[in-house]
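Structure, as structure tokens:
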Amino acid sequence: MWTVIYIAPTARIAEIIRHKLTEEGFLVQVRGTNLSKNQFEIVVPEGEVEEVQEVLNGILNP
């Protein structure tokens with residue numbers, strides 16, 4: 001099962017996050033939301049959520 005860990009406000013930010021998490025060895029998918037705003041869900045396998053969140057915090061708060 002895939003779990004949403006972050007909702008990016010733009011495709012560019014979503015791709016930067018996807019790339020950095022992939023470099024760390026995580027499986028990552030980016031999905032567009034069906035909302036009227038152009039937002040993108042960053043999703044990872046449920047079993048990796050805690051590890052990914054730690055790395056994501058480092059990416060978002062350098």
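Simple scheme: letters A, B, ... for chains in structure tokens order, numbers from 1 for residues in each chain, numbers from 1 for ligands in the order shown.
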
Exercise. Would you please give, as a PyMOL selection string, all residues of chain A that DSSP assigns to alpha helix (DSSP H) based on the backbone?
Key: chain A and resi 11-23+49-60

Kindly save the residues from that selection, with N, CA and C atoms included, as a PDB file, in the first residue's frame.
```pdb
ATOM      1  N   ALA A  11       4.651  21.016  -9.694  1.00  0.00           N
ATOM      2  CA  ALA A  11       5.277  19.825 -10.276  1.00  0.00           C
ATOM      3  C   ALA A  11       6.785  19.872 -10.088  1.00  0.00           C
ATOM      4  N   ARG A  12       7.366  21.046 -10.186  1.00  0.00           N
ATOM      5  CA  ARG A  12       8.820  21.183 -10.036  1.00  0.00           C
ATOM      6  C   ARG A  12       9.274  20.760  -8.644  1.00  0.00           C
ATOM      7  N   ILE A  13       8.593  21.234  -7.619  1.00  0.00           N
ATOM      8  CA  ILE A  13       8.945  20.867  -6.247  1.00  0.00           C
ATOM      9  C   ILE A  13       8.743  19.365  -6.037  1.00  0.00           C
ATOM     10  N   ALA A  14       7.662  18.831  -6.568  1.00  0.00           N
ATOM     11  CA  ALA A  14       7.402  17.394  -6.444  1.00  0.00           C
ATOM     12  C   ALA A  14       8.531  16.582  -7.061  1.00  0.00           C
ATOM     13  N   GLU A  15       9.012  16.995  -8.228  1.00  0.00           N
ATOM     14  CA  GLU A  15      10.084  16.267  -8.897  1.00  0.00           C
ATOM     15  C   GLU A  15      11.415  16.395  -8.153  1.00  0.00           C
ATOM     16  N   ILE A  16      11.686  17.546  -7.575  1.00  0.00           N
ATOM     17  CA  ILE A  16      12.911  17.716  -6.779  1.00  0.00           C
ATOM     18  C   ILE A  16      12.881  16.768  -5.586  1.00  0.00           C
ATOM     19  N   ILE A  17      11.755  16.712  -4.896  1.00  0.00           N
ATOM     20  CA  ILE A  17      11.621  15.828  -3.734  1.00  0.00           C
ATOM     21  C   ILE A  17      11.726  14.368  -4.166  1.00  0.00           C
ATOM     22  N   ARG A  18      11.041  14.008  -5.245  1.00  0.00           N
ATOM     23  CA  ARG A  18      11.103  12.637  -5.755  1.00  0.00           C
ATOM     24  C   ARG A  18      12.539  12.238  -6.075  1.00  0.00           C
ATOM     25  N   HIS A  19      13.251  13.124  -6.744  1.00  0.00           N
ATOM     26  CA  HIS A  19      14.629  12.845  -7.127  1.00  0.00           C
ATOM     27  C   HIS A  19      15.525  12.635  -5.899  1.00  0.00           C
ATOM     28  N   LYS A  20      15.407  13.508  -4.917  1.00  0.00           N
ATOM     29  CA  LYS A  20      16.245  13.394  -3.722  1.00  0.00           C
ATOM     30  C   LYS A  20      15.929  12.137  -2.919  1.00  0.00           C
ATOM     31  N   LEU A  21      14.658  11.800  -2.801  1.00  0.00           N
ATOM     32  CA  LEU A  21      14.285  10.584  -2.068  1.00  0.00           C
ATOM     33  C   LEU A  21      14.726   9.334  -2.822  1.00  0.00           C
ATOM     34  N   THR A  22      14.637   9.368  -4.143  1.00  0.00           N
ATOM     35  CA  THR A  22      15.084   8.242  -4.959  1.00  0.00           C
ATOM     36  C   THR A  22      16.595   8.050  -4.812  1.00  0.00           C
ATOM     37  N   GLU A  23      17.338   9.160  -4.768  1.00  0.00           N
ATOM     38  CA  GLU A  23      18.789   9.074  -4.561  1.00  0.00           C
ATOM     39  C   GLU A  23      19.127   8.405  -3.229  1.00  0.00           C
ATOM     40  N   VAL A  49       7.508   4.744   5.496  1.00  0.00           N
ATOM     41  CA  VAL A  49       7.040   6.080   5.847  1.00  0.00           C
ATOM     42  C   VAL A  49       7.921   6.760   6.891  1.00  0.00           C
ATOM     43  N   GLU A  50       8.229   6.083   7.989  1.00  0.00           N
ATOM     44  CA  GLU A  50       9.005   6.725   9.058  1.00  0.00           C
ATOM     45  C   GLU A  50      10.388   7.135   8.581  1.00  0.00           C
ATOM     46  N   GLU A  51      11.067   6.258   7.860  1.00  0.00           N
ATOM     47  CA  GLU A  51      12.404   6.580   7.358  1.00  0.00           C
ATOM     48  C   GLU A  51      12.348   7.738   6.363  1.00  0.00           C
ATOM     49  N   VAL A  52      11.369   7.696   5.474  1.00  0.00           N
ATOM     50  CA  VAL A  52      11.235   8.737   4.462  1.00  0.00           C
ATOM     51  C   VAL A  52      10.938  10.083   5.115  1.00  0.00           C
ATOM     52  N   GLN A  53      10.109  10.101   6.133  1.00  0.00           N
ATOM     53  CA  GLN A  53       9.772  11.357   6.797  1.00  0.00           C
ATOM     54  C   GLN A  53      11.011  12.019   7.393  1.00  0.00           C
ATOM     55  N   GLU A  54      11.929  11.216   7.947  1.00  0.00           N
ATOM     56  CA  GLU A  54      13.159  11.777   8.490  1.00  0.00           C
ATOM     57  C   GLU A  54      13.987  12.433   7.392  1.00  0.00           C
ATOM     58  N   VAL A  55      14.125  11.739   6.263  1.00  0.00           N
ATOM     59  CA  VAL A  55      14.892  12.289   5.135  1.00  0.00           C
ATOM     60  C   VAL A  55      14.173  13.512   4.556  1.00  0.00           C
ATOM     61  N   LEU A  56      12.852  13.426   4.448  1.00  0.00           N
ATOM     62  CA  LEU A  56      12.067  14.547   3.900  1.00  0.00           C
ATOM     63  C   LEU A  56      12.238  15.799   4.770  1.00  0.00           C
ATOM     64  N   ASN A  57      12.251  15.626   6.079  1.00  0.00           N
ATOM     65  CA  ASN A  57      12.467  16.774   6.960  1.00  0.00           C
ATOM     66  C   ASN A  57      13.805  17.443   6.673  1.00  0.00           C
ATOM     67  N   GLY A  58      14.829  16.657   6.388  1.00  0.00           N
ATOM     68  CA  GLY A  58      16.127  17.201   6.035  1.00  0.00           C
ATOM     69  C   GLY A  58      16.097  17.943   4.704  1.00  0.00           C
ATOM     70  N   ILE A  59      15.293  17.460   3.776  1.00  0.00           N
ATOM     71  CA  ILE A  59      15.169  18.113   2.467  1.00  0.00           C
ATOM     72  C   ILE A  59      14.429  19.440   2.590  1.00  0.00           C
ATOM     73  N   LEU A  60      13.339  19.430   3.348  1.00  0.00           N
ATOM     74  CA  LEU A  60      12.502  20.628   3.471  1.00  0.00           C
ATOM     75  C   LEU A  60      13.069  21.672   4.432  1.00  0.00           C
TER      76      LEU A  60
END
```

Exercise. Tell me which protein, DNA and RNA residues are within 8 Å of Pro45 (chain A), counting only C-alpha atoms, leaving out same-chain ones fewer than 3 positions away, and put them as a ChimeraX atom specification.
Key: /A:1-3,27-28,48-49

Using the selection just defined, write its residues with C-alpha atoms as a short mmCIF file (atom, residue, chain, number, x, y, z; two decimals), in the first residue's frame.
```
data_model
loop_
_atom_site.label_atom_id
_atom_site.label_comp_id
_atom_site.auth_asym_id
_atom_site.auth_seq_id
_atom_site.Cartn_x
_atom_site.Cartn_y
_atom_site.Cartn_z
CA MET A 1 0.00 0.00 0.00
CA TRP A 2 1.24 3.48 -0.89
CA THR A 3 1.00 6.35 1.61
CA LEU A 27 10.62 3.96 -3.93
CA VAL A 28 8.68 7.15 -4.69
CA GLU A 48 9.08 3.14 4.53
CA VAL A 49 7.04 6.08 5.85
#
```

Quiz prompt | Interatomic distance (Å, one decimal) between CA of Lys37 (chain A) and CA of Tyr6 (chain A) | solution = 15.2 Å

Exercise. May I ask for the distance between CA of Val4 (chain A) and CA of Pro62 (chain A), given in Å to one decimal place?
Key: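 These atoms are spaced 21.4 Å apart.
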
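Between CA of Ile7 (chain A) and CA of Gln39 (chain A) lies a distance of 6.5 Å.
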
Self-check item: Residues within 10 Å of Asn38 (chain A), only C-alpha atoms, excluding chain neighbours under 6 positions, as a ChimeraX atom specification
Solution: /A:8-11,32

Quiz item: Neighbours of Arg31 (chain A) within 9 Å (only C-alpha atoms; same-chain residues fewer than 2 positions away dropped), as a PyMOL selection string?
Solution: chain A and resi 29+33+39-43

Exercise. Could you find all residues in chain A that DSSP calls strand (DSSP E) from the backbone, and write them as a list of chain:residue names?
Key: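 Residues of chain A classed as strand (DSSP E): A:Trp2, A:Thr3, A:Val4, A:Ile5, A:Tyr6, A:Ile7, A:Ala8, A:Gln29, A:Val30, A:Arg31, A:Gly32, A:Phe40, A:Glu41, A:Ile42, A:Val43, A:Val44, A:Pro45.
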